[in-house]
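Single-structure report; data block below.
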Amino acid sequence: MQHLANPARFLGIANAALPFVWAAAVACLAVGLYGALAAAPADYQQGETVRIMFVHVPAAWMALLVYTVMAAASAVAIVFRHPLADVAAKAAAPIGAAFCFLALATGSLWGKPMWGAWWVWDARLTSMFVLLLLYLGYMAIWQAIEEPHRAAQIARIVALVGFVNVPIVKFSVDWWNSLHQPASVFRLGGPTIDISILWPLLVMGLAYTLLFLALHLVAMRSEIAARKIRQLRIARIGVG
Amino acid sequence: MDLTAPHTGFVAAAYGISALVLVGLAAFILMRDRKLRAEAEALGDRRTKDAP
């Protein structure tokens with residue numbers, strides 16, 4: 001971890017890795033979409049509507065995973081003062097917010113034909129909505145506070161406190177009566193869904209993870225450039 | 001996939017919004033990256049040129 005603490009070293013590794021990560025993401029997305037739209041059978045109860053699962057579930061997984069990455073990076077920033085930790089957390093937030101929005105939007109599009117409602121204030125849906133608000137709040141802190149060190153201090157606390165919501169989202173379907181179905185992939189006892197539907201779902205999950213990795217590396221590179229610009233401008237003002 | 005099945009509009013909308021958001025996000029991140037790196041490079045070059 002400390003080996004990557006130097007931004008120049010990180011940029012070297014990120015620039016070398018990015019073409020491979022992009023290629024792997026596009027390949028997985030192509031295979032995943034083939035599996036989701038062509039190979040997987042229609043569900044005996046839900047019919048073709050079940051295909052929404054292949055974009056809804058990976059988006060929901062990523063919304064939780066990205067927030068976990070943000071919270072872990074914020075913890076590393078507090079404990080180890082790792083110079084790239086705040087960069088990693090800040091760069092991840094808009095990507096996580098996009099996945100969270102997609103989970104809610106595609107869930108709503110799935111809910112209307114299956115439940116007869118676009119939205120219900122159910123424990124899973126509500127905790128997911130709270131997660132979106134946490135993402136937006138985290139991003140707003142970086143936008144609203146001009147002094148980066150002060151913004152980082154507050155953003156770290158929001159990321160860590162907000163992490164409490166992640167297990168609430170995950171276990172909400174077990175802890176409360178919910179319209180949302182319980183976990184069917186990551187559960188004790190193994191997945192409950194058929195392999196013909198499971199493999200496209202897992203490939204789409206991998207595609208979304210690789211897409212996040214590629215976008216995160218690029219966003220971290222941008223954030224390092226933005227910090228360099230700020231330092232150079234301050235240096236120019238100091239010289240002037 | 002059976003395009004004549006009921007509710008295919010919901011399926012199309014879910015895939016459409018996913019594509020729109022993810023392509024839009026990627027375009028935004030990549031364009032911002034290009035702009036910021038070019039700006040950082042230009043400022044760095046100017047600083048080297050201005051150095052005594």
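Following the order of the structure tokens, first chain is A, next is B, and so on, with residues numbered from 1 inside each chain and ligands from 1 in the order they appear.
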
Give one line per residue of chain A that approaches chain B to at most 7 Å, naming the two atoms of the closest pair and their distance in Å to one decimal, counting only C-alpha atoms; sort by chain then ascending residue number and deliver it as CSV.
residue,atom,partner,partner_atom,distance
A:Leu37,CA,B:Met1,CA,5.9
A:Ala38,CA,B:Met1,CA,5.7
A:Glu48,CA,B:Thr8,CA,6.8
A:Thr49,CA,B:Val11,CA,6.0
A:Arg51,CA,B:Val11,CA,6.6
A:Ile52,CA,B:Val11,CA,5.6
A:Val55,CA,B:Tyr15,CA,6.9
A:Leu102,CA,B:Ser18,CA,6.3
A:Thr106,CA,B:Ala14,CA,5.1
A:Leu109,CA,B:Phe10,CA,5.7
A:Trp110,CA,B:Phe10,CA,7.0
A:Pro113,CA,B:His7,CA,6.8
A:Leu215,CA,B:Ala26,CA,6.7
A:Val218,CA,B:Asp33,CA,6.8
A:Ala219,CA,B:Ile29,CA,6.2
A:Ser222,CA,B:Asp33,CA,4.6
A:Ala225,CA,B:Arg37,CA,5.6
A:Ala226,CA,B:Leu36,CA,6.1
A:Lys228,CA,B:Ala40,CA,6.5
A:Ile229,CA,B:Ala40,CA,5.2
A:Leu232,CA,B:Leu43,CA,6.8

Resulting file, chosen residues, C-alpha atoms, as a PDB file, in the first residue's frame:
ATOM      1  CA  LEU A  37     -30.576 -10.591 -23.480  1.00  0.00           C
ATOM      2  CA  ALA A  38     -30.101 -13.763 -25.560  1.00  0.00           C
ATOM      3  CA  GLU A  48     -39.073 -11.222 -19.949  1.00  0.00           C
ATOM      4  CA  THR A  49     -39.209  -8.663 -17.121  1.00  0.00           C
ATOM      5  CA  ARG A  51     -33.980  -9.371 -17.665  1.00  0.00           C
ATOM      6  CA  ILE A  52     -34.068  -6.083 -15.751  1.00  0.00           C
ATOM      7  CA  VAL A  55     -28.671  -4.335 -14.942  1.00  0.00           C
ATOM      8  CA  LEU A 102     -29.291   3.272 -11.618  1.00  0.00           C
ATOM      9  CA  THR A 106     -34.070   0.230 -12.810  1.00  0.00           C
ATOM     10  CA  LEU A 109     -38.898   0.059 -13.732  1.00  0.00           C
ATOM     11  CA  TRP A 110     -38.945  -3.518 -12.423  1.00  0.00           C
ATOM     12  CA  PRO A 113     -44.928  -4.326 -13.695  1.00  0.00           C
ATOM     13  CA  LEU A 215     -13.455   4.987 -14.271  1.00  0.00           C
ATOM     14  CA  VAL A 218      -9.184   7.856 -14.560  1.00  0.00           C
ATOM     15  CA  ALA A 219     -11.047   9.959 -11.971  1.00  0.00           C
ATOM     16  CA  SER A 222      -7.942  13.749 -12.853  1.00  0.00           C
ATOM     17  CA  ALA A 225      -4.074  16.791 -11.908  1.00  0.00           C
ATOM     18  CA  ALA A 226      -6.625  19.138 -10.251  1.00  0.00           C
ATOM     19  CA  LYS A 228      -1.384  19.926  -9.097  1.00  0.00           C
ATOM     20  CA  ILE A 229      -3.161  22.818 -10.864  1.00  0.00           C
ATOM     21  CA  LEU A 232       0.839  25.610  -9.328  1.00  0.00           C
TER      22      LEU A 232
END

Taking the chain letters and numbering used in this document, name the residues of chain B that DSSP puts in alpha helix (DSSP H), as a compact mmCIF listing (two decimals) with N, CA and C atoms, in the first residue's frame.
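So out.txt came out as:
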# COMPACT_ATOMS: atom_id res chain seq x y z
N THR B 8 -42.12 -5.51 -22.21
CA THR B 8 -40.77 -5.34 -22.80
C THR B 8 -40.36 -3.88 -22.82
N GLY B 9 -41.33 -2.97 -22.80
CA GLY B 9 -41.01 -1.54 -22.72
C GLY B 9 -40.24 -1.22 -21.44
N PHE B 10 -40.60 -1.87 -20.33
CA PHE B 10 -39.90 -1.65 -19.06
C PHE B 10 -38.47 -2.17 -19.14
N VAL B 11 -38.31 -3.33 -19.82
CA VAL B 11 -36.96 -3.91 -19.98
C VAL B 11 -36.11 -2.97 -20.83
N ALA B 12 -36.67 -2.50 -21.95
CA ALA B 12 -35.94 -1.60 -22.84
C ALA B 12 -35.57 -0.31 -22.11
N ALA B 13 -36.49 0.22 -21.32
CA ALA B 13 -36.23 1.46 -20.58
C ALA B 13 -35.10 1.25 -19.56
N ALA B 14 -35.08 0.09 -18.89
CA ALA B 14 -34.04 -0.19 -17.89
C ALA B 14 -32.67 -0.27 -18.54
N TYR B 15 -32.58 -0.95 -19.69
CA TYR B 15 -31.30 -1.05 -20.39
C TYR B 15 -30.91 0.31 -20.98
N GLY B 16 -31.91 1.04 -21.48
CA GLY B 16 -31.65 2.35 -22.07
C GLY B 16 -31.10 3.33 -21.06
N ILE B 17 -31.72 3.40 -19.90
CA ILE B 17 -31.27 4.36 -18.87
C ILE B 17 -29.89 3.94 -18.33
N SER B 18 -29.66 2.63 -18.24
CA SER B 18 -28.34 2.15 -17.78
C SER B 18 -27.26 2.58 -18.77
N ALA B 19 -27.52 2.37 -20.07
CA ALA B 19 -26.55 2.75 -21.10
C ALA B 19 -26.31 4.25 -21.08
N LEU B 20 -27.41 5.00 -20.99
CA LEU B 20 -27.30 6.47 -21.01
C LEU B 20 -26.47 6.99 -19.84
N VAL B 21 -26.76 6.51 -18.65
CA VAL B 21 -26.06 6.99 -17.45
C VAL B 21 -24.59 6.56 -17.48
N LEU B 22 -24.32 5.30 -17.84
CA LEU B 22 -22.93 4.81 -17.80
C LEU B 22 -22.09 5.44 -18.91
N VAL B 23 -22.65 5.58 -20.11
CA VAL B 23 -21.90 6.23 -21.20
C VAL B 23 -21.68 7.71 -20.86
N GLY B 24 -22.72 8.36 -20.34
CA GLY B 24 -22.60 9.77 -19.94
C GLY B 24 -21.56 9.96 -18.86
N LEU B 25 -21.56 9.08 -17.87
CA LEU B 25 -20.59 9.17 -16.77
C LEU B 25 -19.16 8.97 -17.31
N ALA B 26 -18.98 7.96 -18.16
CA ALA B 26 -17.65 7.70 -18.73
C ALA B 26 -17.18 8.89 -19.56
N ALA B 27 -18.08 9.45 -20.38
CA ALA B 27 -17.71 10.60 -21.22
C ALA B 27 -17.33 11.79 -20.35
N PHE B 28 -18.11 12.04 -19.30
CA PHE B 28 -17.81 13.17 -18.41
C PHE B 28 -16.45 12.99 -17.73
N ILE B 29 -16.19 11.79 -17.21
CA ILE B 29 -14.93 11.54 -16.49
C ILE B 29 -13.74 11.63 -17.46
N LEU B 30 -13.89 11.06 -18.65
CA LEU B 30 -12.77 11.08 -19.62
C LEU B 30 -12.50 12.49 -20.14
N MET B 31 -13.56 13.28 -20.39
CA MET B 31 -13.36 14.66 -20.89
C MET B 31 -12.74 15.53 -19.80
N ARG B 32 -13.19 15.37 -18.57
CA ARG B 32 -12.64 16.14 -17.45
C ARG B 32 -11.16 15.80 -17.25
N ASP B 33 -10.85 14.51 -17.40
CA ASP B 33 -9.46 14.05 -17.24
C ASP B 33 -8.57 14.70 -18.30
N ARG B 34 -9.04 14.68 -19.54
CA ARG B 34 -8.24 15.26 -20.64
C ARG B 34 -8.01 16.76 -20.39
N LYS B 35 -9.07 17.47 -19.99
CA LYS B 35 -8.99 18.92 -19.78
C LYS B 35 -8.02 19.24 -18.62
N LEU B 36 -8.16 18.53 -17.50
CA LEU B 36 -7.34 18.83 -16.32
C LEU B 36 -5.88 18.48 -16.56
N ARG B 37 -5.62 17.37 -17.23
CA ARG B 37 -4.22 16.99 -17.49
C ARG B 37 -3.55 17.97 -18.44
N ALA B 38 -4.30 18.45 -19.45
CA ALA B 38 -3.75 19.44 -20.38
C ALA B 38 -3.46 20.74 -19.64
N GLU B 39 -4.38 21.13 -18.75
CA GLU B 39 -4.20 22.37 -17.98
C GLU B 39 -3.00 22.27 -17.04
N ALA B 40 -2.87 21.13 -16.37
CA ALA B 40 -1.73 20.92 -15.46
C ALA B 40 -0.42 20.95 -16.23
N GLU B 41 -0.42 20.35 -17.40
CA GLU B 41 0.80 20.32 -18.22
C GLU B 41 1.17 21.73 -18.69
N ALA B 42 0.14 22.49 -19.12
CA ALA B 42 0.39 23.86 -19.60
C ALA B 42 0.93 24.73 -18.48
N LEU B 43 0.34 24.62 -17.29
CA LEU B 43 0.81 25.41 -16.14
C LEU B 43 2.23 25.01 -15.75
N GLY B 44 2.51 23.70 -15.80
CA GLY B 44 3.86 23.21 -15.47
C GLY B 44 4.89 23.73 -16.46
N ASP B 45 4.52 23.73 -17.76
CA ASP B 45 5.43 24.24 -18.80
C ASP B 45 5.71 25.72 -18.60
N ARG B 46 4.63 26.48 -18.29
CA ARG B 46 4.77 27.92 -18.10
C ARG B 46 5.67 28.22 -16.90
N ARG B 47 5.54 27.38 -15.88
CA ARG B 47 6.35 27.57 -14.67
C ARG B 47 7.83 27.33 -15.00
N THR B 48 8.09 26.28 -15.80
CA THR B 48 9.47 25.97 -16.20
C THR B 48 10.06 27.12 -17.03
N LYS B 49 9.20 27.65 -17.93
CA LYS B 49 9.65 28.75 -18.81
C LYS B 49 9.93 30.01 -18.00
N ASP B 50 9.07 30.29 -17.00
CA ASP B 50 9.21 31.51 -16.20
C ASP B 50 10.34 31.44 -15.19

Within 8 Å of Trp22 (chain A), counting only C-alpha atoms, which residues qualify if same-chain residues fewer than 4 places away don't, as a short mmCIF file (atom, residue, chain, number, x, y, z; two decimals) with N, CA and C atoms, in the first residue's frame?
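around_23.cif was written with the following content:
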data_model
loop_
_atom_site.label_atom_id
_atom_site.label_comp_id
_atom_site.auth_asym_id
_atom_site.auth_seq_id
_atom_site.Cartn_x
_atom_site.Cartn_y
_atom_site.Cartn_z
N LEU A 18 -4.62 0.79 -17.30
CA LEU A 18 -5.92 1.23 -17.85
C LEU A 18 -6.34 0.57 -19.17
N VAL A 26 -15.01 -3.98 -21.37
CA VAL A 26 -15.83 -4.04 -22.60
C VAL A 26 -16.13 -5.49 -22.97
N LEU A 210 -15.30 -3.97 -13.25
CA LEU A 210 -14.16 -3.53 -14.08
C LEU A 210 -14.40 -2.11 -14.60
N LEU A 211 -15.65 -1.82 -14.94
CA LEU A 211 -15.98 -0.47 -15.40
C LEU A 211 -15.72 0.54 -14.28
N ALA A 214 -11.91 1.03 -13.99
CA ALA A 214 -11.37 1.89 -15.05
C ALA A 214 -11.74 3.36 -14.79
#

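Atom to atom, CA of Ser178 (chain A) and CA of Asp122 (chain A) stand 6.0 Å apart.
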
Original post:
CA of Gly107 (chain A) and CA of His56 (chain A) are how many Å apart?
Top reply: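 Spanning CA of Gly107 (chain A) to CA of His56 (chain A) is a straight-line distance of 6.1 Å.
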
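Using only C-alpha atoms, the protein and nucleic acid residues lying no more than 12 Å from Tyr34 (chain A), apart from those fewer than 5 places from it along its own chain, are Ala27, Cys28, Leu29, Ala39, Ala40, Pro41, Arg51, Phe54, Ile197, Trp199, Pro200, Leu201, Val203 and Met204 of chain A; Met1 of chain B.
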
With N, CA and C atoms retained, write the just-selected residues as a CSV table (one decimal), in the first residue's frame.
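Wrote out05.csv, looks like this:
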chain,number,residue,atom,x,y,z
A,27,ALA,N,-15.1,-6.4,-22.8
A,27,ALA,CA,-15.3,-7.8,-23.2
A,27,ALA,C,-16.4,-8.4,-22.3
A,28,CYS,N,-16.2,-8.2,-21.0
A,28,CYS,CA,-17.2,-8.7,-20.0
A,28,CYS,C,-18.6,-8.2,-20.2
A,29,LEU,N,-18.7,-6.9,-20.6
A,29,LEU,CA,-20.0,-6.3,-20.8
A,29,LEU,C,-20.6,-6.9,-22.1
A,39,ALA,N,-29.0,-15.4,-24.1
A,39,ALA,CA,-28.9,-16.8,-23.6
A,39,ALA,C,-29.8,-17.1,-22.4
A,40,ALA,N,-30.0,-16.2,-21.5
A,40,ALA,CA,-30.8,-16.5,-20.3
A,40,ALA,C,-32.2,-16.7,-20.7
A,41,PRO,N,-32.9,-17.7,-20.1
A,41,PRO,CA,-34.3,-17.9,-20.4
A,41,PRO,C,-35.2,-16.9,-19.7
A,51,ARG,N,-35.2,-9.9,-17.1
A,51,ARG,CA,-34.0,-9.4,-17.7
A,51,ARG,C,-33.5,-8.0,-17.1
A,54,PHE,N,-30.5,-8.1,-14.7
A,54,PHE,CA,-29.1,-8.1,-15.1
A,54,PHE,C,-28.4,-6.7,-15.1
A,197,ILE,N,-29.3,-18.4,-15.3
A,197,ILE,CA,-29.6,-17.0,-15.0
A,197,ILE,C,-28.4,-16.4,-14.2
A,199,TRP,N,-25.1,-17.2,-14.3
A,199,TRP,CA,-23.8,-16.8,-15.0
A,199,TRP,C,-23.9,-15.4,-15.7
A,200,PRO,N,-25.0,-15.1,-16.4
A,200,PRO,CA,-25.0,-13.7,-17.0
A,200,PRO,C,-25.0,-12.6,-15.9
A,201,LEU,N,-25.6,-13.0,-14.7
A,201,LEU,CA,-25.6,-12.0,-13.7
A,201,LEU,C,-24.2,-11.8,-13.1
A,203,VAL,N,-21.4,-12.3,-14.7
A,203,VAL,CA,-20.5,-11.7,-15.7
A,203,VAL,C,-20.9,-10.2,-15.7
A,204,MET,N,-22.1,-9.8,-15.6
A,204,MET,CA,-22.5,-8.4,-15.6
A,204,MET,C,-22.0,-7.7,-14.4
B,1,MET,N,-34.6,-13.2,-26.6
B,1,MET,CA,-35.6,-12.4,-25.9
B,1,MET,C,-36.9,-12.2,-26.8

**OP:** Write out as a PyMOL selection string the residues lying within 9 Å of Val87 (chain A), counting only C-alpha atoms and excluding same-chain residues fewer than 3 positions away.
**Re:** chain A and resi 73+83-84+90-92+219-221+223-224

Subject >> Contacts of Ala103 (chain A) within 10 Å, only C-alpha atoms, excl. fewer than 2 positions in-chain, as a list in words >> reply: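 Non-adjacent residues within range: Met53, Val55, His56, Val57, Pro58, Ala59, Ala60, Trp61, Met62, Ala63, Ala97, Ala98, Phe99, Cys100, Phe101, Ala105, Thr106, Gly107, Ser108, Leu109, Leu125, Met128, Phe129 and Leu132 of chain A; Ala14 and Ser18 of chain B.
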